[in-house]
file target_20.cif (mmCIF, C-alpha atoms and all ligand atoms)
data_query
#
loop_
_atom_site.label_atom_id
_atom_site.label_comp_id
_atom_site.auth_asym_id
_atom_site.auth_seq_id
_atom_site.Cartn_x
_atom_site.Cartn_y
_atom_site.Cartn_z
CA MET J 1 15.99 11.47 10.37
CA LYS J 2 12.45 12.57 9.52
CA SER J 3 11.21 11.58 6.12
CA SER J 4 10.84 14.47 3.68
CA SER J 5 7.23 14.62 2.53
CA SER J 6 8.26 15.56 -1.02
CA SER J 7 10.09 12.30 -1.63
CA ARG J 8 8.21 9.79 0.51
CA CYS J 9 7.21 6.40 -0.86
CA ILE J 10 3.69 5.33 0.10
CA ALA J 11 2.63 1.71 -0.50
CA ILE J 12 -1.15 1.22 -0.53
CA THR J 13 -2.90 -2.13 -0.69
CA GLY J 14 -6.46 -2.09 -2.00
CA ALA J 15 -5.53 0.92 -4.13
CA SER J 16 -7.81 -0.23 -6.94
CA SER J 17 -11.08 0.53 -5.13
CA GLY J 18 -12.90 2.34 -2.36
CA ILE J 19 -10.90 3.57 0.64
CA GLY J 20 -7.51 2.48 -0.79
CA ARG J 21 -8.22 4.28 -4.07
CA ALA J 22 -9.25 7.49 -2.29
CA THR J 23 -6.15 7.23 -0.09
CA ALA J 24 -3.90 6.92 -3.13
CA LEU J 25 -5.46 10.00 -4.67
CA ARG J 26 -5.10 11.96 -1.40
CA PHE J 27 -1.38 11.17 -1.26
CA ALA J 28 -1.15 12.00 -4.97
CA GLU J 29 -2.39 15.51 -4.18
CA ALA J 30 0.72 15.87 -2.01
CA LYS J 31 2.80 14.59 -4.95
CA GLU J 32 4.13 11.62 -3.00
CA ASN J 33 5.56 8.53 -4.72
CA LEU J 34 2.89 5.83 -4.75
CA VAL J 35 2.90 2.06 -5.05
CA LEU J 36 -0.61 0.95 -5.99
CA ILE J 37 -1.27 -2.64 -4.97
CA GLY J 38 -4.26 -4.78 -5.96
CA ARG J 39 -5.46 -7.54 -8.26
CA ASP J 40 -7.53 -5.59 -10.80
CA HIS J 41 -4.95 -4.15 -13.18
CA ALA J 42 -7.42 -2.07 -15.19
CA ALA J 43 -8.72 -0.42 -12.01
CA LEU J 44 -5.17 0.19 -10.76
CA ALA J 45 -4.26 1.73 -14.13
CA ALA J 46 -7.24 4.10 -13.87
CA VAL J 47 -6.10 5.19 -10.38
CA GLU J 48 -2.55 5.56 -11.69
CA LYS J 49 -3.78 7.86 -14.47
CA GLU J 50 -5.58 10.09 -11.96
CA ALA J 51 -2.60 10.08 -9.57
CA THR J 52 -0.02 10.98 -12.20
CA ALA J 53 -2.29 13.80 -13.40
CA LYS J 54 -1.96 15.20 -9.86
CA GLY J 55 1.85 15.04 -10.10
CA ALA J 56 2.59 11.79 -8.26
CA GLN J 57 5.06 9.18 -9.44
CA THR J 58 3.52 5.73 -9.40
CA GLN J 59 4.18 2.04 -9.64
CA ILE J 60 1.50 -0.61 -10.02
CA VAL J 61 2.00 -3.94 -8.28
CA LYS J 62 -0.60 -6.47 -9.41
CA ALA J 63 -0.78 -9.12 -6.73
CA ASP J 64 -3.17 -11.46 -5.00
CA LEU J 65 -1.82 -10.73 -1.54
CA CYS J 66 -3.05 -14.09 -0.25
CA ALA J 67 -0.70 -15.92 -2.60
CA GLU J 68 2.35 -17.52 -1.01
CA GLY J 69 5.26 -15.08 -0.90
CA ALA J 70 3.16 -12.12 -2.12
CA ALA J 71 3.94 -9.87 0.86
CA GLN J 72 7.68 -10.28 0.44
CA GLN J 73 7.48 -9.91 -3.37
CA THR J 74 5.34 -6.79 -3.03
CA THR J 75 7.76 -5.18 -0.58
CA ALA J 76 10.67 -6.05 -2.86
CA ALA J 77 8.86 -4.41 -5.78
CA VAL J 78 8.34 -1.24 -3.72
CA LEU J 79 12.04 -1.02 -2.85
CA ASP J 80 13.04 -1.87 -6.39
CA ARG J 81 11.09 1.09 -7.76
CA PHE J 82 11.62 3.80 -5.13
CA SER J 83 14.53 2.43 -3.01
CA ARG J 84 12.66 3.29 0.18
CA LEU J 85 9.39 2.87 2.04
CA ASP J 86 7.94 5.59 4.26
CA VAL J 87 4.30 4.60 4.71
CA LEU J 88 2.44 1.30 4.40
CA VAL J 89 -1.34 1.63 4.17
CA ASN J 90 -3.16 -1.70 4.53
CA ALA J 91 -6.56 -1.07 2.95
CA ALA J 92 -7.13 -4.39 1.14
CA GLY J 93 -9.87 -6.36 2.84
CA ILE J 94 -13.12 -8.28 2.45
CA ILE J 95 -16.37 -8.76 4.36
CA SER J 96 -18.89 -11.59 4.36
CA LEU J 97 -21.97 -12.46 6.33
CA GLY J 98 -22.11 -15.32 8.81
CA THR J 99 -22.85 -16.27 12.40
CA ILE J 100 -21.14 -18.52 14.93
CA GLU J 101 -23.46 -21.30 13.71
CA ASN J 102 -23.18 -20.98 9.94
CA THR J 103 -19.69 -19.63 9.23
CA SER J 104 -17.71 -22.38 7.52
CA LEU J 105 -14.10 -22.96 8.40
CA ALA J 106 -13.18 -22.10 4.80
CA GLU J 107 -14.93 -18.74 5.08
CA TRP J 108 -13.31 -18.07 8.46
CA ASP J 109 -9.88 -18.81 6.94
CA ARG J 110 -10.57 -16.65 3.85
CA MET J 111 -11.47 -13.72 6.10
CA MET J 112 -8.51 -14.12 8.43
CA ASP J 113 -6.14 -14.50 5.48
CA ILE J 114 -6.62 -11.15 3.75
CA ASN J 115 -7.86 -9.15 6.77
CA VAL J 116 -5.16 -10.27 9.25
CA ARG J 117 -2.52 -12.74 7.98
CA VAL J 118 -1.63 -10.72 4.88
CA ILE J 119 -1.31 -7.54 6.94
CA PHE J 120 0.87 -9.34 9.48
CA ARG J 121 3.16 -10.50 6.66
CA LEU J 122 3.28 -7.07 4.98
CA MET J 123 4.05 -5.39 8.30
CA GLN J 124 6.85 -7.86 9.00
CA ALA J 125 8.38 -7.26 5.58
CA ALA J 126 8.09 -3.48 6.04
CA VAL J 127 9.91 -3.20 9.37
CA SER J 128 13.43 -2.99 8.01
CA PRO J 129 12.74 -0.36 5.31
CA LEU J 130 10.48 1.64 7.65
CA GLU J 131 13.18 1.73 10.31
CA LYS J 132 15.48 3.45 7.82
CA THR J 133 12.95 6.22 7.08
CA LYS J 134 11.36 6.40 10.56
CA GLY J 135 8.18 5.66 8.66
CA ASN J 136 4.77 4.43 9.73
CA ILE J 137 1.92 2.03 9.07
CA VAL J 138 -1.80 2.78 8.87
CA ASN J 139 -4.16 -0.21 8.98
CA VAL J 140 -7.75 0.05 7.81
CA SER J 141 -9.80 -1.65 10.51
CA SER J 142 -13.50 -1.06 11.26
CA VAL J 143 -16.01 -0.15 13.94
CA THR J 144 -16.55 -3.93 13.98
CA GLY J 145 -13.10 -4.31 15.55
CA LEU J 146 -14.19 -2.20 18.50
CA ARG J 147 -17.83 -3.27 18.80
CA SER J 148 -19.82 -6.48 18.27
CA PHE J 149 -22.39 -6.87 15.50
CA PRO J 150 -24.49 -9.94 14.66
CA ASN J 151 -24.09 -11.96 11.44
CA VAL J 152 -20.60 -10.67 10.59
CA LEU J 153 -18.75 -12.82 13.12
CA ALA J 154 -15.55 -13.66 11.22
CA TYR J 155 -15.26 -10.08 9.96
CA CYS J 156 -15.63 -8.66 13.49
CA VAL J 157 -13.03 -11.07 14.83
CA SER J 158 -10.62 -10.28 11.98
CA LYS J 159 -10.88 -6.55 12.68
CA ALA J 160 -10.49 -7.00 16.44
CA ALA J 161 -7.36 -9.03 15.71
CA LEU J 162 -6.13 -6.26 13.42
CA ASP J 163 -6.64 -3.69 16.18
CA GLN J 164 -4.57 -5.74 18.61
CA LEU J 165 -1.94 -6.38 15.93
CA THR J 166 -1.77 -2.60 15.51
CA ARG J 167 -1.29 -1.98 19.24
CA CYS J 168 1.24 -4.78 19.81
CA ALA J 169 3.30 -3.79 16.77
CA ALA J 170 3.17 -0.13 17.78
CA LEU J 171 4.64 -1.01 21.16
CA GLU J 172 7.34 -3.24 19.72
CA LEU J 173 8.32 -0.90 16.89
CA ALA J 174 8.31 2.36 18.86
CA PRO J 175 11.99 1.96 19.82
CA LYS J 176 12.80 1.78 16.10
CA GLY J 177 10.92 5.04 15.50
CA ILE J 178 8.15 3.34 13.53
CA ARG J 179 4.55 4.37 14.31
CA VAL J 180 1.58 2.02 13.76
CA ASN J 181 -2.04 3.17 13.84
CA ALA J 182 -5.44 2.08 12.59
CA VAL J 183 -8.60 3.80 11.41
CA ASN J 184 -11.96 2.28 12.34
CA PRO J 185 -14.64 3.42 9.88
CA GLY J 186 -18.37 2.88 10.10
CA VAL J 187 -20.23 2.17 6.88
CA VAL J 188 -18.53 3.80 3.88
CA ALA J 189 -19.92 3.77 0.34
CA THR J 190 -17.49 1.51 -1.60
CA ASN J 191 -17.61 -1.83 -3.38
CA LEU J 192 -17.05 -3.83 -0.16
CA HIS J 193 -20.63 -4.95 0.47
CA ARG J 194 -21.46 -5.48 -3.22
CA ARG J 195 -18.49 -7.85 -3.43
CA SER J 196 -19.86 -9.79 -0.47
CA GLY J 197 -22.96 -10.60 -2.50
CA PHE J 198 -25.30 -7.63 -1.95
CA ASP J 199 -27.23 -6.83 -5.12
CA GLU J 200 -28.02 -3.17 -5.89
CA GLN J 201 -31.44 -3.31 -4.21
CA LYS J 202 -30.09 -4.87 -1.03
CA TYR J 203 -27.14 -2.45 -0.98
CA ALA J 204 -29.44 0.58 -1.41
CA ALA J 205 -31.59 -0.69 1.47
CA PHE J 206 -28.46 -1.22 3.59
CA LEU J 207 -27.25 2.33 2.91
CA ALA J 208 -30.68 3.75 3.72
CA HIS J 209 -30.83 1.78 6.98
CA SER J 210 -27.27 2.94 7.80
CA LYS J 211 -28.57 6.50 8.03
CA THR J 212 -30.45 5.41 11.12
CA THR J 213 -27.59 3.44 12.68
CA HIS J 214 -24.99 6.23 12.42
CA PRO J 215 -25.84 9.10 14.79
CA LEU J 216 -24.71 11.75 12.29
CA GLY J 217 -27.39 10.41 9.95
CA ARG J 218 -25.32 9.37 6.96
CA VAL J 219 -22.68 6.92 5.79
CA GLY J 220 -19.08 8.01 5.22
CA SER J 221 -17.20 8.70 2.01
CA PRO J 222 -13.88 7.08 1.08
CA GLU J 223 -12.38 10.57 0.90
CA GLU J 224 -13.18 11.21 4.59
CA ILE J 225 -11.32 8.05 5.59
CA ALA J 226 -8.43 8.92 3.26
CA GLU J 227 -8.05 12.30 4.96
CA LEU J 228 -7.60 10.65 8.37
CA ILE J 229 -5.14 8.12 6.95
CA PHE J 230 -3.20 10.98 5.32
CA PHE J 231 -3.03 12.79 8.67
CA LEU J 232 -1.93 9.71 10.62
CA ALA J 233 0.81 9.09 8.07
CA SER J 234 2.10 12.65 8.33
CA ASP J 235 4.68 14.19 10.63
CA GLN J 236 1.77 16.15 12.19
CA ALA J 237 0.80 12.85 13.83
CA GLY J 238 4.39 12.19 14.90
CA TRP J 239 3.48 11.48 18.55
CA ILE J 240 0.50 9.22 17.81
CA THR J 241 1.05 5.47 17.81
CA GLY J 242 -0.96 2.37 18.71
CA GLU J 243 -4.27 4.17 18.22
CA THR J 244 -7.44 2.73 16.69
CA ILE J 245 -9.33 5.83 15.68
CA SER J 246 -13.08 5.79 15.14
CA ILE J 247 -14.33 7.61 12.06
CA ASP J 248 -17.93 6.48 11.91
CA GLY J 249 -20.42 9.30 12.41
CA GLY J 250 -20.72 8.23 16.05
CA ARG J 251 -21.60 4.60 15.34
CA HIS J 252 -19.28 3.24 18.04
CA LEU J 253 -21.15 5.29 20.66
CA THR J 254 -24.44 3.48 20.09
CA CYS J 255 -26.01 0.48 21.82
CA ALA J 256 -28.88 -1.59 20.44
CA ARG J 257 -32.21 -0.63 21.97
N1 LIG J 301 -16.79 0.14 3.13
C1 LIG J 301 -17.06 0.05 4.44
O1 LIG J 301 -18.21 0.23 4.88
C2 LIG J 301 -15.94 -0.24 5.40
C3 LIG J 301 -16.15 0.03 6.75
C4 LIG J 301 -15.14 -0.26 7.66
C5 LIG J 301 -13.95 -0.79 7.21
N2 LIG J 301 -13.76 -1.03 5.88
C6 LIG J 301 -12.48 -1.62 5.47
O2 LIG J 301 -11.87 -0.82 4.49
C7 LIG J 301 -10.97 -1.61 3.71
C8 LIG J 301 -11.17 -1.26 2.25
O3 LIG J 301 -12.45 -1.70 1.85
P1 LIG J 301 -13.37 -0.86 0.85
O4 LIG J 301 -14.58 -0.51 1.60
O5 LIG J 301 -12.57 0.19 0.17
O6 LIG J 301 -13.77 -2.05 -0.15
P2 LIG J 301 -13.55 -2.29 -1.71
O7 LIG J 301 -14.00 -1.11 -2.49
O8 LIG J 301 -14.19 -3.61 -1.98
O9 LIG J 301 -11.96 -2.44 -1.85
C9 LIG J 301 -11.31 -3.57 -1.34
C10 LIG J 301 -9.90 -3.61 -1.88
O10 LIG J 301 -9.23 -4.77 -1.35
C11 LIG J 301 -8.50 -5.37 -2.38
N3 LIG J 301 -8.32 -6.80 -2.14
C12 LIG J 301 -9.22 -7.67 -1.60
N4 LIG J 301 -8.70 -8.91 -1.58
C13 LIG J 301 -7.43 -8.82 -2.07
C14 LIG J 301 -6.39 -9.75 -2.30
N5 LIG J 301 -6.52 -11.06 -2.01
N6 LIG J 301 -5.22 -9.31 -2.84
C15 LIG J 301 -5.07 -8.00 -3.14
N7 LIG J 301 -6.02 -7.07 -2.96
C16 LIG J 301 -7.19 -7.47 -2.42
C17 LIG J 301 -9.31 -5.13 -3.63
O11 LIG J 301 -8.46 -5.23 -4.74
P3 LIG J 301 -8.93 -5.73 -6.24
O12 LIG J 301 -10.26 -5.10 -6.50
O13 LIG J 301 -7.84 -5.17 -7.12
O14 LIG J 301 -8.99 -7.19 -6.18
C18 LIG J 301 -9.83 -3.72 -3.40
O15 LIG J 301 -8.89 -2.78 -3.87
C19 LIG J 301 -11.27 -3.07 4.08
O16 LIG J 301 -10.30 -3.55 4.96
C20 LIG J 301 -12.61 -2.98 4.81
O17 LIG J 301 -12.77 -4.00 5.75
C21 LIG J 301 -14.71 -0.75 4.97
#

call {"tool": "encode", "arguments": {"input": "target_20.cif", "output": "structure tokens", "more": "lines below"}}
Ligand SMILES: NC(=O)c1ccc[n+]([C@@H]2O[C@H](COP(=O)([O-])OP(=O)(O)OC[C@H]3O[C@@H](n4cnc5c(N)ncnc54)[C@H](OP(=O)(O)O)[C@@H]3O)[C@@H](O)[C@H]2O)c1
result
Amino acid sequence: MKSSSSSRCIAITGASSGIGRATALRFAEAKENLVLIGRDHAALAAVEKEATAKGAQTQIVKADLCAEGAAQQTTAAVLDRFSRLDVLVNAAGIISLGTIENTSLAEWDRMMDINVRVIFRLMQAAVSPLEKTKGNIVNVSSVTGLRSFPNVLAYCVSKAALDQLTRCAALELAPKGIRVNAVNPGVVATNLHRRSGFDEQKYAAFLAHSKTTHPLGRVGSPEEIAELIFFLASDQAGWITGETISIDGGRHLTCAR
């Protein structure tokens, strides 16, 4: 049975900020039922207000997804509120700088935890409810999963792992009618880099430099990424699975020179 778009339940991690927030608001435009997952309750409440104004029904789940049992508790909260799950969007993630020589084991583990382990756990917990709705998963990866960049080693590895997790799960879950895809953005203007320690001056310089590293000459907006996620989660993408789709102004086409 295909899920009816008017009554779907969409669970979005990272819904309090950036790409996850924009994704929540895009689904809200379609008046879907939304579960907004994050740690910052005030930010989630602000997104909820905007989403309900667009006609969506919402539920906030405040959770540190790295906490023990959080993936299972979050999935239970989704089912408790809407009795179904149609789409899981994994947009929660972090970045930090570091090379093979100076990345501490603690930083490596912190990166792998939220960017890979949490998503693995959420996907596992989502299989049974998604099988019932013939639903799908969209993971937010990065151009760094597909290409190598210096001084973001753990982040690149976490996103490459997420891409392979996406492909392997897509293959295994296809017989159950569950699709799994990923989007691979280039630089997008959000809070991601500020949270990694960039001050406003450094972030402005990074955005300016990014105009030269993305062939289309600009960074992306969260809304552009949300539109692709919305498409991949729709029945219009019903024959697409296991894809890692670049949305990066051509960044993945470039080589250092
Ligand atoms: N911005 C870019 O240039 C870019 C490019 C490629 C890929 N991406 C990917 O896009 C995704 C979204 O990032 P963004 O750019 O939108 O960054 P952002 O604005 O910093 O948003 C990150 C989100 O992740 C959530 N989060 C982080 N750790 C969490 C945890 N332990 N538990 C629960 N929620 C957690 C945050 O929630 P709270 O604020 O509520 O804690 C926030 O909603 C990430 O996976 C990132 O790697 C971003």

call {"tool": "residues_near_point", "arguments": {"input": "target_20.cif", "point": "(-2.3, -6.3, -6.6)", "cutoff": "9 Å", "atoms": "all atoms listed in the file", "output": "MDAnalysis selection string"}}
result
chainID J and resid 13:16 36:41 44 60:65 74

call {"tool": "atom_distance", "arguments": {"input": "target_20.cif", "atom1": "atom C9 of ligand LIG 301 (chain J)", "atom2": "CA of Asn191 in chain J"}}
result
6.8 Å

call {"tool": "residues_around", "arguments": {"input": "target_20.cif", "residues": "range 203-205 of chain J", "least_positions_apart": "2", "cutoff": "12 Å", "atoms": "all atoms listed in the file", "output": "list in words"}}
result
Val187, Val188, Ala189, Thr190, Asn191, Leu192, His193, Arg194, Arg195, Ser196, Gly197, Phe198, Asp199, Glu200, Gln201, Leu207, Ala208, His209, Ser210, Lys211, Thr212 and Val219 of chain J

call {"tool": "residues_around", "arguments": {"input": "target_20.cif", "residues": "Lys159 in chain J", "least_positions_apart": "6", "cutoff": "12 Å", "atoms": "all atoms listed in the file", "output": "PDB file with C-alpha atoms, keeping the file's coordinate frame"}}
result
ATOM      1  CA  ALA J  91      -6.560  -1.070   2.950  1.00  0.00           C
ATOM      2  CA  GLY J  93      -9.870  -6.360   2.840  1.00  0.00           C
ATOM      3  CA  ILE J  94     -13.120  -8.280   2.450  1.00  0.00           C
ATOM      4  CA  ILE J  95     -16.370  -8.760   4.360  1.00  0.00           C
ATOM      5  CA  MET J 111     -11.470 -13.720   6.100  1.00  0.00           C
ATOM      6  CA  MET J 112      -8.510 -14.120   8.430  1.00  0.00           C
ATOM      7  CA  ASP J 113      -6.140 -14.500   5.480  1.00  0.00           C
ATOM      8  CA  ILE J 114      -6.620 -11.150   3.750  1.00  0.00           C
ATOM      9  CA  ASN J 115      -7.860  -9.150   6.770  1.00  0.00           C
ATOM     10  CA  VAL J 116      -5.160 -10.270   9.250  1.00  0.00           C
ATOM     11  CA  ARG J 117      -2.520 -12.740   7.980  1.00  0.00           C
ATOM     12  CA  ILE J 119      -1.310  -7.540   6.940  1.00  0.00           C
ATOM     13  CA  ASN J 139      -4.160  -0.210   8.980  1.00  0.00           C
ATOM     14  CA  VAL J 140      -7.750   0.050   7.810  1.00  0.00           C
ATOM     15  CA  SER J 141      -9.800  -1.650  10.510  1.00  0.00           C
ATOM     16  CA  SER J 142     -13.500  -1.060  11.260  1.00  0.00           C
ATOM     17  CA  VAL J 143     -16.010  -0.150  13.940  1.00  0.00           C
ATOM     18  CA  THR J 144     -16.550  -3.930  13.980  1.00  0.00           C
ATOM     19  CA  GLY J 145     -13.100  -4.310  15.550  1.00  0.00           C
ATOM     20  CA  LEU J 146     -14.190  -2.200  18.500  1.00  0.00           C
ATOM     21  CA  ARG J 147     -17.830  -3.270  18.800  1.00  0.00           C
ATOM     22  CA  SER J 148     -19.820  -6.480  18.270  1.00  0.00           C
ATOM     23  CA  PHE J 149     -22.390  -6.870  15.500  1.00  0.00           C
ATOM     24  CA  VAL J 152     -20.600 -10.670  10.590  1.00  0.00           C
ATOM     25  CA  LEU J 153     -18.750 -12.820  13.120  1.00  0.00           C
ATOM     26  CA  LEU J 165      -1.940  -6.380  15.930  1.00  0.00           C
ATOM     27  CA  THR J 166      -1.770  -2.600  15.510  1.00  0.00           C
ATOM     28  CA  ALA J 182      -5.440   2.080  12.590  1.00  0.00           C
ATOM     29  CA  VAL J 183      -8.600   3.800  11.410  1.00  0.00           C
ATOM     30  CA  ASN J 184     -11.960   2.280  12.340  1.00  0.00           C
ATOM     31  CA  PRO J 185     -14.640   3.420   9.880  1.00  0.00           C
ATOM     32  CA  THR J 244      -7.440   2.730  16.690  1.00  0.00           C
TER      33      THR J 244
END

call {"tool": "closest_residue", "arguments": {"input": "target_20.cif", "among": "J:Lys176, J:Phe206, J:Phe230, J:Ala76", "to": "Leu25 in chain J", "atoms": "all atoms listed in the file"}}
result
J:Phe230

call {"tool": "residues_near_point", "arguments": {"input": "target_20.cif", "point": "(-2.5, -0.3, 21.0)", "cutoff": "12 Å", "atoms": "all atoms listed in the file", "output": "PDB file with C-alpha atoms, keeping the file's coordinate frame"}}
result
ATOM      1  CA  ALA J 160     -10.490  -7.000  16.440  1.00  0.00           C
ATOM      2  CA  ALA J 161      -7.360  -9.030  15.710  1.00  0.00           C
ATOM      3  CA  LEU J 162      -6.130  -6.260  13.420  1.00  0.00           C
ATOM      4  CA  ASP J 163      -6.640  -3.690  16.180  1.00  0.00           C
ATOM      5  CA  GLN J 164      -4.570  -5.740  18.610  1.00  0.00           C
ATOM      6  CA  LEU J 165      -1.940  -6.380  15.930  1.00  0.00           C
ATOM      7  CA  THR J 166      -1.770  -2.600  15.510  1.00  0.00           C
ATOM      8  CA  ARG J 167      -1.290  -1.980  19.240  1.00  0.00           C
ATOM      9  CA  CYS J 168       1.240  -4.780  19.810  1.00  0.00           C
ATOM     10  CA  ALA J 169       3.300  -3.790  16.770  1.00  0.00           C
ATOM     11  CA  ALA J 170       3.170  -0.130  17.780  1.00  0.00           C
ATOM     12  CA  LEU J 171       4.640  -1.010  21.160  1.00  0.00           C
ATOM     13  CA  GLU J 172       7.340  -3.240  19.720  1.00  0.00           C
ATOM     14  CA  LEU J 173       8.320  -0.900  16.890  1.00  0.00           C
ATOM     15  CA  ALA J 174       8.310   2.360  18.860  1.00  0.00           C
ATOM     16  CA  ARG J 179       4.550   4.370  14.310  1.00  0.00           C
ATOM     17  CA  VAL J 180       1.580   2.020  13.760  1.00  0.00           C
ATOM     18  CA  ASN J 181      -2.040   3.170  13.840  1.00  0.00           C
ATOM     19  CA  ALA J 182      -5.440   2.080  12.590  1.00  0.00           C
ATOM     20  CA  ILE J 240       0.500   9.220  17.810  1.00  0.00           C
ATOM     21  CA  THR J 241       1.050   5.470  17.810  1.00  0.00           C
ATOM     22  CA  GLY J 242      -0.960   2.370  18.710  1.00  0.00           C
ATOM     23  CA  GLU J 243      -4.270   4.170  18.220  1.00  0.00           C
ATOM     24  CA  THR J 244      -7.440   2.730  16.690  1.00  0.00           C
ATOM     25  CA  ILE J 245      -9.330   5.830  15.680  1.00  0.00           C
TER      26      ILE J 245
END

call {"tool": "closest_residue", "arguments": {"input": "target_20.cif", "among": "J:Leu79, J:Ile225, J:Ala106, J:Ala256", "to": "Ile19 in chain J", "atoms": "all atoms listed in the file"}}
result
J:Ile225

call {"tool": "closest_residue", "arguments": {"input": "target_20.cif", "among": "J:Gly177, J:Pro222, J:Gly135, J:Gly55", "to": "ligand LIG 301 (chain J)", "atoms": "all atoms listed in the file"}}
result
J:Pro222

call {"tool": "closest_residue", "arguments": {"input": "target_20.cif", "among": "J:Thr58, J:Ser246, J:Thr213, J:Ser104", "to": "Ile12 in chain J", "atoms": "all atoms listed in the file"}}
result
J:Thr58

call {"tool": "decode", "arguments": {"input": "target_20.cif", "residues": "range 37-62 of chain J", "atoms": "C-alpha atoms", "output": "PDB file, in the first residue's frame"}}
result
ATOM      1  CA  ILE J  37      13.581  16.179  16.919  1.00  0.00           C
ATOM      2  CA  GLY J  38      16.459  18.093  18.506  1.00  0.00           C
ATOM      3  CA  ARG J  39      17.942  19.298  21.780  1.00  0.00           C
ATOM      4  CA  ASP J  40      17.079  23.010  21.708  1.00  0.00           C
ATOM      5  CA  HIS J  41      13.458  23.139  22.818  1.00  0.00           C
ATOM      6  CA  ALA J  42      13.017  26.866  22.209  1.00  0.00           C
ATOM      7  CA  ALA J  43      14.268  26.498  18.634  1.00  0.00           C
ATOM      8  CA  LEU J  44      12.033  23.467  18.061  1.00  0.00           C
ATOM      9  CA  ALA J  45       9.058  25.410  19.446  1.00  0.00           C
ATOM     10  CA  ALA J  46       9.756  28.243  16.987  1.00  0.00           C
ATOM     11  CA  VAL J  47       9.817  25.759  14.082  1.00  0.00           C
ATOM     12  CA  GLU J  48       6.637  24.163  15.419  1.00  0.00           C
ATOM     13  CA  LYS J  49       4.904  27.545  15.427  1.00  0.00           C
ATOM     14  CA  GLU J  50       5.848  28.156  11.786  1.00  0.00           C
ATOM     15  CA  ALA J  51       4.869  24.613  10.777  1.00  0.00           C
ATOM     16  CA  THR J  52       1.467  24.683  12.436  1.00  0.00           C
ATOM     17  CA  ALA J  53       0.784  28.063  10.804  1.00  0.00           C
ATOM     18  CA  LYS J  54       1.235  26.234   7.473  1.00  0.00           C
ATOM     19  CA  GLY J  55      -1.343  23.615   8.514  1.00  0.00           C
ATOM     20  CA  ALA J  56       0.894  20.775   9.713  1.00  0.00           C
ATOM     21  CA  GLN J  57       0.290  18.765  12.857  1.00  0.00           C
ATOM     22  CA  THR J  58       3.419  18.543  14.957  1.00  0.00           C
ATOM     23  CA  GLN J  59       5.084  16.846  17.865  1.00  0.00           C
ATOM     24  CA  ILE J  60       8.327  17.994  19.466  1.00  0.00           C
ATOM     25  CA  VAL J  61      10.735  15.351  20.740  1.00  0.00           C
ATOM     26  CA  LYS J  62      13.524  16.933  22.775  1.00  0.00           C
TER      27      LYS J  62
END
